[in-house]
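Visitor: One structure coming up, written as structure tokens, with questions to follow.
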Amino acid sequence: MPLSASELEARLAPRKIQFYESVNSTNDIALEWLQSGAPSGAAVIADEQLRGRGRMGRTWYTPPESALVVSVILRPPDRTLHQITMLGALAIYDMIESLGAADLGIKWPNDVRLNKRKVSGVLPEAVWDGDQLRGVVLGMGVNVSIDFRTTDLAHSAISINQALGRTFDRVDLLDRLLRRIDHWSSRMGTQTLFDSWKNRLVNIGQTVIVQKGDLPLRGTAEAVDTFGALIVRDQHGTIHRVTAGDVLLTSDEDHP
Ligand code: BTN
């Protein structure tokens, strides 16, 4: 069923929302709205996204009626900004857990994995005015009814409906997700948010291959630091600090 503006407004009130049947990227619209004064918590929602942007310059296409495509505007204190990527993953994790899912985890830094496959992506983008943080757009895509089973992504991607064997109402899912965004955004900068994210990571203790700058690096993911960087020990025992700007190529978790 297509999303409708009137139903979204009624269900998500009093939150300020903008709804589009089809957009290039909800993050682009939210970035403009942030600049023109959107309140914290405002959300841009779309049914179809043609040129969605993903991490590392990748694209994130979303067919109509198949997913959650949402960008939330937040105005956190700038000293807490490193937690924004944790916040998005945590809110999606909680929303899916609330549906009764059991096999859930966060793949560093912010992919939620359901039945060991990627169910969502998070793309935060900050807006600065010199050294002043004006705000951040937290873009989230969650697969709801896309059937990946006959596609090239059959072993790497999954949808909520497929994993849980039920058909979920996307407005209800958006409502649950945005409530968890509110919950965690009021806890930005806290140890609780960091610990909750860290405790849900699936990579710790696993072999990982990471592209750090020009170098592919193989080692064991030993920990994360409070800024969210992954601490990797290579085969010579050298410790590397891997940040979200580096690419996690693969880990044991990708090969169940
Ligand atoms: C990833 O590469 O894993 C992150 C994908 C993020 C996609 C979401 S969908 C809503 C928002 N709008 C965009 O253009 N991108 C994000």
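Ordered as shown in the structure tokens, chains take letters A, B, and onward, while each chain numbers its residues from 1 and ligands are numbered from 1 in the order shown.
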Pick out the residues no farther than 8 Å from ligand 1, counting only C-alpha atoms and all ligand atoms, and list them as a PyMOL selection string.
Guide: chain A and resi 24-28+49+51-60+62+68-71+110-111+120-124+138-142
Visitor: When distances are computed from only C-alpha atoms, which of A:Leu8, A:Leu133, A:Ile96, A:Leu248 shows the smallest separation from Leu81 of chain A?
Guide: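 The answer is A:Leu133, which sits nearest to Leu81 of chain A.
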Visitor: List every residue of segment 51-207 of chain A that DSSP, applied to the backbone of this structure, assigns to alpha helix (DSSP H), and report them as a count of residues only.
Guide: 45
Visitor: Contacts of Ile239 of chain A at 12 Å or less, counting only C-alpha atoms, minus same-chain residues fewer than 3 places along, as a list in words?
Guide: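 Result of the neighbour search: Leu217, Arg218, Gly219, Thr220, Ala221, Glu222, Ala223, Val224, Leu230, Ile231, Val232, Arg233, Asp234, Gln235, His236 and Val242 of chain A.
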Visitor: Work out how far atom CA of Asp147 of chain A is from atom CA of Lys107 of chain A, in Å to one decimal.
Guide: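 Taking atom CA of Lys107 of chain A and atom CA of Asp147 of chain A, their separation equals 21.4 Å.
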Visitor: Would you mind reading off the distance between atom CA of Pro109 of chain A and atom CA of Phe194 of chain A, one decimal, in Å?
Guide: 12.1 Å
Visitor: For Asn143 of chain A, which residue out of A:Gly205, A:Pro63, A:Asp254, A:Leu178 is the nearest one, using only C-alpha atoms?
Guide: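 The answer is A:Pro63, which sits nearest to Asn143 of chain A.
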Visitor: Name the closest residue to Leu104 of chain A among the candidates A:Lys116, A:Arg170, A:Arg149, A:Lys16; distances are taken between atoms, counting only C-alpha atoms.
Guide: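 Residue with the minimum atom-to-atom distance to Leu104 of chain A: A:Lys116.
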Visitor: Would you return as an MDAnalysis selection string the members of segment 30-180 of chain A that DSSP assigns to strand (DSSP E or B) on this structure's backbone?
Guide: chainID A and resid 43:53 59:62 67:74 104:107 111:114 117:118 120:129 132:143 157
Visitor: Would you please work out which residue, of A:Ala157, A:Lys118, A:Trp108, A:Ser40, is nearest to Val208 of chain A when using only C-alpha atoms?
Guide: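 Among A:Ala157, A:Lys118, A:Trp108, A:Ser40, it is A:Trp108 that comes nearest to Val208 of chain A.
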Visitor: Closest to Ser22 of chain A among A:Ile160, A:Ala101, A:Ala42, A:Leu50, using only C-alpha atoms?
Guide: A:Leu50
Visitor: Which polymer residues have any atom within 10 Å of an atom of Asp103 of chain A, counting only C-alpha atoms, with same-chain residues fewer than 4 positions away left out, as a list in words?
Guide: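 Here the qualifying residues turn out to be Glu97, Arg113, Leu114, Asn115, Lys116, Arg117 and Ala163 of chain A.
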Visitor: Keeping only N, CA and C atoms, write the selected residues as a tab-separated table (two decimals), in the first residue's frame.
Guide:
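As written to disk, part-v2.tsv reads:
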```tsv
chain	number	residue	atom	x	y	z
A	97	GLU	N	13.69	-5.10	16.92
A	97	GLU	CA	13.57	-5.98	18.10
A	97	GLU	C	12.16	-5.94	18.66
A	113	ARG	N	21.93	-5.88	11.16
A	113	ARG	CA	21.89	-7.20	10.51
A	113	ARG	C	20.76	-8.00	11.14
A	114	LEU	N	19.90	-8.53	10.27
A	114	LEU	CA	18.78	-9.36	10.69
A	114	LEU	C	18.99	-10.71	10.02
A	115	ASN	N	18.96	-11.77	10.79
A	115	ASN	CA	19.28	-13.12	10.26
A	115	ASN	C	20.60	-13.08	9.48
A	116	LYS	N	21.59	-12.34	9.99
A	116	LYS	CA	22.94	-12.24	9.43
A	116	LYS	C	23.00	-11.55	8.07
A	117	ARG	N	21.96	-10.81	7.73
A	117	ARG	CA	21.97	-10.06	6.47
A	117	ARG	C	21.61	-8.60	6.74
A	163	ALA	N	12.05	-11.81	6.75
A	163	ALA	CA	12.71	-12.43	7.91
A	163	ALA	C	11.70	-12.86	8.96
```
Visitor: Determine, counting only C-alpha atoms, which protein, DNA and RNA residues have an atom within 12 Å of an atom of Ile73 of chain A; residues of the same chain fewer than 2 positions away are not included. Present the result as an MDAnalysis selection string.
Guide: chainID A and resid 15:18 26:45 70:71 75:76 84 88 124:127 134:140 178 181:182 185
Visitor: Under the rule that only C-alpha atoms are counted, which of A:Leu87, A:Ala67, A:Ile204, A:Ala229 is the nearest residue to Ser145 of chain A?
Guide: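 Going through A:Leu87, A:Ala67, A:Ile204, A:Ala229 one by one, the smallest distance to Ser145 of chain A is for A:Ala67.
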